[in-house]
file upload-v1.cif (mmCIF, N, CA and C atoms)
data_data
#
loop_
_atom_site.label_atom_id
_atom_site.label_comp_id
_atom_site.auth_asym_id
_atom_site.auth_seq_id
_atom_site.Cartn_x
_atom_site.Cartn_y
_atom_site.Cartn_z
N MET A 1 -28.87 1.86 -10.94
CA MET A 1 -28.27 1.44 -12.17
C MET A 1 -26.97 0.69 -11.85
N LYS A 2 -26.77 -0.46 -12.49
CA LYS A 2 -25.60 -1.27 -12.26
C LYS A 2 -24.48 -0.82 -13.20
N PRO A 3 -23.24 -0.59 -12.67
CA PRO A 3 -22.16 -0.13 -13.54
C PRO A 3 -21.77 -1.23 -14.52
N GLY A 4 -21.44 -0.83 -15.73
CA GLY A 4 -21.03 -1.77 -16.76
C GLY A 4 -19.52 -1.79 -16.91
N PRO A 5 -19.02 -2.60 -17.84
CA PRO A 5 -17.58 -2.72 -18.03
C PRO A 5 -16.90 -1.40 -18.36
N MET A 6 -17.57 -0.53 -19.09
CA MET A 6 -16.95 0.76 -19.43
C MET A 6 -16.77 1.62 -18.18
N THR A 7 -17.70 1.51 -17.23
CA THR A 7 -17.56 2.26 -15.98
C THR A 7 -16.31 1.83 -15.24
N PHE A 8 -16.08 0.52 -15.14
CA PHE A 8 -14.90 0.02 -14.45
C PHE A 8 -13.62 0.42 -15.18
N ALA A 9 -13.66 0.41 -16.50
CA ALA A 9 -12.49 0.82 -17.28
C ALA A 9 -12.19 2.29 -17.02
N ALA A 10 -13.22 3.12 -16.98
CA ALA A 10 -13.03 4.55 -16.71
C ALA A 10 -12.45 4.76 -15.32
N ILE A 11 -12.93 4.01 -14.35
CA ILE A 11 -12.40 4.11 -12.98
C ILE A 11 -10.92 3.75 -12.98
N ALA A 12 -10.58 2.66 -13.65
CA ALA A 12 -9.19 2.21 -13.68
C ALA A 12 -8.29 3.26 -14.35
N ILE A 13 -8.75 3.86 -15.43
CA ILE A 13 -7.96 4.88 -16.12
C ILE A 13 -7.78 6.10 -15.23
N LEU A 14 -8.86 6.56 -14.63
CA LEU A 14 -8.77 7.74 -13.76
C LEU A 14 -7.89 7.46 -12.56
N THR A 15 -8.00 6.27 -11.98
CA THR A 15 -7.18 5.92 -10.83
C THR A 15 -5.71 5.94 -11.22
N GLY A 16 -5.40 5.41 -12.40
CA GLY A 16 -4.01 5.43 -12.86
C GLY A 16 -3.49 6.83 -13.03
N MET A 17 -4.34 7.74 -13.47
CA MET A 17 -3.92 9.13 -13.68
C MET A 17 -3.76 9.86 -12.36
N LEU A 18 -4.61 9.54 -11.40
CA LEU A 18 -4.60 10.27 -10.15
C LEU A 18 -3.62 9.72 -9.13
N GLY A 19 -3.23 8.45 -9.24
CA GLY A 19 -2.35 7.84 -8.25
C GLY A 19 -3.13 7.58 -6.98
N ALA A 20 -2.51 7.86 -5.85
CA ALA A 20 -3.18 7.63 -4.57
C ALA A 20 -4.32 8.61 -4.40
N VAL A 21 -5.35 8.16 -3.75
CA VAL A 21 -6.52 9.00 -3.52
C VAL A 21 -6.60 9.36 -2.05
N SER A 22 -6.82 10.60 -1.75
CA SER A 22 -6.96 11.05 -0.37
C SER A 22 -8.36 11.60 -0.17
N PRO A 23 -9.10 11.06 0.81
CA PRO A 23 -10.42 11.62 1.06
C PRO A 23 -10.29 13.01 1.67
N SER A 24 -11.33 13.78 1.57
CA SER A 24 -11.33 15.10 2.20
C SER A 24 -11.24 14.93 3.71
N PHE A 25 -10.58 15.85 4.38
CA PHE A 25 -10.51 15.78 5.83
C PHE A 25 -11.90 15.84 6.40
N GLY A 26 -12.14 15.05 7.43
CA GLY A 26 -13.45 15.03 8.05
C GLY A 26 -14.30 13.87 7.56
N GLU A 27 -13.90 13.21 6.45
CA GLU A 27 -14.64 12.03 6.01
C GLU A 27 -14.36 10.89 6.97
N ASP A 28 -15.42 10.18 7.35
CA ASP A 28 -15.27 9.07 8.27
C ASP A 28 -15.16 7.74 7.56
N GLU A 29 -15.52 7.69 6.26
CA GLU A 29 -15.47 6.44 5.52
C GLU A 29 -15.07 6.71 4.07
N ILE A 30 -14.29 5.80 3.54
CA ILE A 30 -13.92 5.83 2.12
C ILE A 30 -14.14 4.44 1.57
N GLN A 31 -14.48 4.35 0.29
CA GLN A 31 -14.77 3.06 -0.33
C GLN A 31 -13.70 2.68 -1.34
N VAL A 32 -13.41 1.38 -1.35
CA VAL A 32 -12.53 0.79 -2.35
C VAL A 32 -13.37 -0.26 -3.06
N THR A 33 -13.42 -0.18 -4.38
CA THR A 33 -14.19 -1.13 -5.17
C THR A 33 -13.28 -2.26 -5.63
N ILE A 34 -13.81 -3.47 -5.56
CA ILE A 34 -13.11 -4.63 -6.11
C ILE A 34 -13.78 -4.92 -7.44
N ALA A 35 -13.03 -4.74 -8.54
CA ALA A 35 -13.58 -4.91 -9.88
C ALA A 35 -12.49 -5.37 -10.84
N GLN A 36 -12.84 -6.30 -11.69
CA GLN A 36 -11.93 -6.82 -12.70
C GLN A 36 -10.60 -7.24 -12.08
N ARG A 37 -10.69 -7.94 -10.96
CA ARG A 37 -9.52 -8.44 -10.21
C ARG A 37 -8.54 -7.33 -9.85
N ARG A 38 -9.10 -6.17 -9.42
CA ARG A 38 -8.29 -5.04 -8.96
C ARG A 38 -8.97 -4.38 -7.78
N PHE A 39 -8.16 -3.72 -6.95
CA PHE A 39 -8.68 -2.83 -5.92
C PHE A 39 -8.64 -1.43 -6.52
N VAL A 40 -9.77 -0.73 -6.54
CA VAL A 40 -9.86 0.59 -7.17
C VAL A 40 -10.41 1.60 -6.18
N PRO A 41 -9.63 2.58 -5.72
CA PRO A 41 -8.23 2.79 -6.03
C PRO A 41 -7.35 1.81 -5.24
N ALA A 42 -6.18 1.53 -5.77
CA ALA A 42 -5.27 0.58 -5.14
C ALA A 42 -4.51 1.21 -3.98
N ARG A 43 -4.33 2.52 -4.01
CA ARG A 43 -3.61 3.23 -2.93
C ARG A 43 -4.49 4.36 -2.43
N ILE A 44 -4.64 4.41 -1.11
CA ILE A 44 -5.40 5.50 -0.50
C ILE A 44 -4.64 6.05 0.69
N THR A 45 -4.91 7.30 1.02
CA THR A 45 -4.37 7.94 2.21
C THR A 45 -5.56 8.44 3.02
N VAL A 46 -5.59 8.06 4.30
CA VAL A 46 -6.70 8.43 5.19
C VAL A 46 -6.14 8.91 6.52
N ARG A 47 -6.98 9.56 7.29
CA ARG A 47 -6.59 9.99 8.64
C ARG A 47 -6.99 8.91 9.64
N THR A 48 -6.33 8.91 10.80
CA THR A 48 -6.69 7.95 11.84
C THR A 48 -8.18 8.08 12.16
N GLY A 49 -8.80 6.95 12.43
CA GLY A 49 -10.22 6.92 12.74
C GLY A 49 -11.10 6.73 11.52
N THR A 50 -10.51 6.70 10.33
CA THR A 50 -11.29 6.52 9.10
C THR A 50 -11.61 5.03 8.90
N THR A 51 -12.82 4.76 8.46
CA THR A 51 -13.23 3.41 8.11
C THR A 51 -13.12 3.27 6.60
N VAL A 52 -12.53 2.17 6.16
CA VAL A 52 -12.45 1.86 4.74
C VAL A 52 -13.39 0.70 4.48
N ARG A 53 -14.21 0.84 3.44
CA ARG A 53 -15.17 -0.20 3.05
C ARG A 53 -14.75 -0.74 1.68
N TRP A 54 -14.45 -2.04 1.63
CA TRP A 54 -14.14 -2.72 0.38
C TRP A 54 -15.43 -3.36 -0.12
N ILE A 55 -15.81 -3.07 -1.36
CA ILE A 55 -17.06 -3.55 -1.95
C ILE A 55 -16.72 -4.44 -3.15
N ASN A 56 -17.18 -5.68 -3.11
CA ASN A 56 -16.93 -6.60 -4.23
C ASN A 56 -17.97 -6.36 -5.31
N SER A 57 -17.55 -5.77 -6.41
CA SER A 57 -18.44 -5.49 -7.54
C SER A 57 -18.31 -6.53 -8.65
N GLU A 58 -17.59 -7.59 -8.40
CA GLU A 58 -17.47 -8.67 -9.39
C GLU A 58 -18.81 -9.37 -9.54
N ARG A 59 -18.99 -10.07 -10.64
CA ARG A 59 -20.23 -10.81 -10.86
C ARG A 59 -20.17 -12.23 -10.32
N ARG A 60 -19.00 -12.87 -10.38
CA ARG A 60 -18.92 -14.28 -10.02
C ARG A 60 -17.77 -14.64 -9.08
N MET A 61 -16.91 -13.73 -8.76
CA MET A 61 -15.68 -14.07 -8.06
C MET A 61 -15.63 -13.52 -6.64
N GLY A 62 -15.25 -14.38 -5.69
CA GLY A 62 -15.04 -13.94 -4.33
C GLY A 62 -13.60 -13.46 -4.15
N HIS A 63 -13.42 -12.49 -3.26
CA HIS A 63 -12.10 -11.94 -2.98
C HIS A 63 -11.96 -11.75 -1.47
N SER A 64 -10.77 -11.39 -1.04
CA SER A 64 -10.54 -11.06 0.37
C SER A 64 -9.61 -9.86 0.45
N VAL A 65 -9.51 -9.32 1.65
CA VAL A 65 -8.58 -8.23 1.94
C VAL A 65 -7.70 -8.74 3.07
N ARG A 66 -6.43 -9.03 2.75
CA ARG A 66 -5.52 -9.63 3.73
C ARG A 66 -4.32 -8.71 3.95
N PHE A 67 -4.19 -8.24 5.19
CA PHE A 67 -3.07 -7.38 5.58
C PHE A 67 -1.97 -8.26 6.14
N SER A 68 -0.75 -8.04 5.66
CA SER A 68 0.39 -8.83 6.11
C SER A 68 1.16 -8.08 7.18
N GLY A 69 2.21 -8.71 7.66
CA GLY A 69 3.06 -8.07 8.66
C GLY A 69 2.61 -8.41 10.06
N PRO A 70 3.37 -7.90 11.04
CA PRO A 70 3.03 -8.16 12.44
C PRO A 70 1.62 -7.67 12.75
N GLY A 71 0.84 -8.49 13.41
CA GLY A 71 -0.53 -8.11 13.75
C GLY A 71 -1.45 -8.10 12.55
N GLY A 72 -1.06 -8.80 11.48
CA GLY A 72 -1.87 -8.83 10.27
C GLY A 72 -3.29 -9.33 10.54
N PHE A 73 -4.19 -8.96 9.68
CA PHE A 73 -5.60 -9.35 9.82
C PHE A 73 -6.19 -9.47 8.43
N GLN A 74 -7.35 -10.13 8.33
CA GLN A 74 -7.98 -10.27 7.02
C GLN A 74 -9.48 -10.36 7.13
N SER A 75 -10.12 -10.18 5.97
CA SER A 75 -11.57 -10.09 5.90
C SER A 75 -12.27 -11.43 5.83
N GLY A 76 -11.65 -12.45 5.32
CA GLY A 76 -12.38 -13.64 4.90
C GLY A 76 -12.89 -13.37 3.50
N ILE A 77 -13.57 -14.32 2.90
CA ILE A 77 -14.02 -14.16 1.52
C ILE A 77 -15.19 -13.19 1.45
N ILE A 78 -15.07 -12.21 0.54
CA ILE A 78 -16.13 -11.24 0.28
C ILE A 78 -16.77 -11.66 -1.04
N LEU A 79 -17.98 -12.15 -0.99
CA LEU A 79 -18.67 -12.61 -2.19
C LEU A 79 -19.19 -11.44 -3.01
N PRO A 80 -19.51 -11.66 -4.29
CA PRO A 80 -20.06 -10.58 -5.12
C PRO A 80 -21.26 -9.90 -4.45
N GLY A 81 -21.24 -8.57 -4.44
CA GLY A 81 -22.31 -7.79 -3.82
C GLY A 81 -22.13 -7.56 -2.33
N GLN A 82 -21.15 -8.21 -1.73
CA GLN A 82 -20.90 -8.02 -0.30
C GLN A 82 -19.78 -6.99 -0.08
N ASN A 83 -19.61 -6.59 1.19
CA ASN A 83 -18.55 -5.65 1.52
C ASN A 83 -17.97 -5.98 2.88
N TRP A 84 -16.84 -5.37 3.19
CA TRP A 84 -16.16 -5.54 4.47
C TRP A 84 -15.53 -4.22 4.86
N THR A 85 -15.57 -3.89 6.15
CA THR A 85 -14.99 -2.62 6.60
C THR A 85 -13.93 -2.86 7.67
N HIS A 86 -13.02 -1.90 7.73
CA HIS A 86 -12.02 -1.87 8.80
C HIS A 86 -11.74 -0.41 9.13
N THR A 87 -11.67 -0.10 10.42
CA THR A 87 -11.35 1.25 10.89
C THR A 87 -9.88 1.28 11.28
N PHE A 88 -9.16 2.25 10.75
CA PHE A 88 -7.73 2.38 11.01
C PHE A 88 -7.50 3.38 12.14
N ASP A 89 -7.01 2.87 13.27
CA ASP A 89 -6.83 3.69 14.47
C ASP A 89 -5.39 4.14 14.71
N LYS A 90 -4.44 3.56 13.98
CA LYS A 90 -3.04 3.90 14.19
C LYS A 90 -2.40 4.32 12.88
N PRO A 91 -1.57 5.39 12.92
CA PRO A 91 -0.86 5.81 11.70
C PRO A 91 0.08 4.71 11.22
N GLY A 92 0.33 4.70 9.93
CA GLY A 92 1.26 3.73 9.36
C GLY A 92 0.89 3.43 7.92
N ILE A 93 1.69 2.56 7.33
CA ILE A 93 1.42 2.10 5.98
C ILE A 93 1.01 0.64 6.07
N TYR A 94 -0.17 0.35 5.54
CA TYR A 94 -0.76 -0.98 5.60
C TYR A 94 -0.88 -1.52 4.18
N THR A 95 -0.10 -2.54 3.86
CA THR A 95 -0.20 -3.16 2.54
C THR A 95 -1.11 -4.37 2.64
N TYR A 96 -1.83 -4.63 1.56
CA TYR A 96 -2.75 -5.76 1.57
C TYR A 96 -2.83 -6.41 0.20
N SER A 97 -3.38 -7.61 0.18
CA SER A 97 -3.58 -8.35 -1.05
C SER A 97 -4.85 -9.19 -0.89
N CYS A 98 -5.20 -9.89 -1.95
CA CYS A 98 -6.34 -10.79 -1.95
C CYS A 98 -5.78 -12.20 -1.75
N ALA A 99 -6.26 -12.94 -0.76
CA ALA A 99 -5.72 -14.28 -0.49
C ALA A 99 -5.88 -15.21 -1.70
N PRO A 100 -7.06 -15.31 -2.32
CA PRO A 100 -7.17 -16.20 -3.49
C PRO A 100 -6.44 -15.68 -4.73
N HIS A 101 -6.18 -14.37 -4.79
CA HIS A 101 -5.54 -13.75 -5.97
C HIS A 101 -4.41 -12.84 -5.49
N PRO A 102 -3.26 -13.40 -5.08
CA PRO A 102 -2.20 -12.59 -4.48
C PRO A 102 -1.62 -11.51 -5.38
N ASP A 103 -1.90 -11.56 -6.68
CA ASP A 103 -1.43 -10.50 -7.57
C ASP A 103 -2.25 -9.22 -7.41
N MET A 104 -3.40 -9.32 -6.74
CA MET A 104 -4.21 -8.12 -6.42
C MET A 104 -3.62 -7.50 -5.17
N ARG A 105 -3.16 -6.27 -5.26
CA ARG A 105 -2.49 -5.61 -4.12
C ARG A 105 -3.02 -4.20 -3.93
N GLY A 106 -2.94 -3.75 -2.69
CA GLY A 106 -3.34 -2.39 -2.37
C GLY A 106 -2.56 -1.88 -1.17
N MET A 107 -2.76 -0.59 -0.87
CA MET A 107 -2.08 0.03 0.26
C MET A 107 -2.96 1.11 0.86
N VAL A 108 -2.96 1.16 2.19
CA VAL A 108 -3.63 2.21 2.93
C VAL A 108 -2.56 2.93 3.75
N GLU A 109 -2.41 4.23 3.52
CA GLU A 109 -1.51 5.04 4.34
C GLU A 109 -2.39 5.81 5.31
N VAL A 110 -2.10 5.64 6.61
CA VAL A 110 -2.90 6.29 7.64
C VAL A 110 -2.05 7.38 8.28
N THR A 111 -2.57 8.62 8.25
CA THR A 111 -1.86 9.76 8.83
C THR A 111 -2.66 10.26 10.04
N GLU A 112 -2.02 11.09 10.84
CA GLU A 112 -2.70 11.63 12.03
C GLU A 112 -3.61 12.75 11.71
#
call {"tool": "encode", "arguments": {"input": "upload-v1.cif", "output": "structure tokens"}}
result
Amino acid sequence: MKPGPMTFAAIAILTGMLGAVSPSFGEDEIQVTIAQRRFVPARITVRTGTTVRWINSERRMGHSVRFSGPGGFQSGIILPGQNWTHTFDKPGIYTYSCAPHPDMRGMVEVTE
């Protein structure tokens, strides 16, 4: 079943209420959805060695995941229905945005 607009609205509301999301310890992967020109959830906390998968759930718009700062890296364009992963091996705070839509921002906090 394909999620509809109400599903994305519910996700956005819940994310706003919950703030940063932390996966359970022992999870090796967490997903961030790209929907309605937002990263959902926008802030996550993970342990070192965790892979984050960004999934573009938009219908017509391509996005990217671009990390700034020293040693910055980026995904390239993620088309609708596609995804991109990155494994975080070092603790720290990693801020990111979408290159075509710089007002879209997110953060990954990596703990040991």
call {"tool": "residues_around", "arguments": {"input": "upload-v1.cif", "residues": "Ile30 in chain A", "least_positions_apart": "5", "cutoff": "6 Å", "atoms": "only N, CA and C atoms", "output": "PyMOL selection string"}}
result
chain A and resi 51-53
call {"tool": "closest_atom_pairs", "arguments": {"input": "upload-v1.cif", "of": "range 76-102 of chain A", "to": "range 61-65 of chain A", "cutoff": "8 Å", "atoms": "only C-alpha atoms", "output": "CSV"}}
result
residue,atom,partner,partner_atom,distance
A:Gly76,CA,A:Ser64,CA,5.5
A:Ile77,CA,A:Ser64,CA,4.8
A:Ile78,CA,A:His63,CA,5.2
A:Leu79,CA,A:Gly62,CA,4.4
A:Pro80,CA,A:Gly62,CA,6.1
A:Tyr96,CA,A:Val65,CA,6.3
A:Ser97,CA,A:Val65,CA,5.8
A:Cys98,CA,A:Ser64,CA,4.8
A:Ala99,CA,A:Ser64,CA,5.9
A:Pro100,CA,A:His63,CA,6.5
A:His101,CA,A:His63,CA,7.4
call {"tool": "atom_distance", "arguments": {"input": "upload-v1.cif", "atom1": "CA of Pro102 in chain A", "atom2": "CA of Arg59 in chain A"}}
result
19.2 Å
call {"tool": "resolve_selection", "arguments": {"input": "upload-v1.cif", "expression": "the PyMOL selection byres (((chain A and resi 49 and name CA) around 10) and name CA)", "output": "NGL selection string"}}
result
:A and (26-29 or 46-48 or 50-52 or 86-91 or 110-112)
call {"tool": "resolve_selection", "arguments": {"input": "upload-v1.cif", "expression": "the PyMOL selection byres (((chain A and resi 68 and name CA) around 9) and name CA)", "output": "list in words"}}
result
Arg66, Phe67, Gly69, Pro70, Gly71, Gly72, Phe73, Gln74, Tyr94, Thr95, Tyr96 and Ser97 of chain A
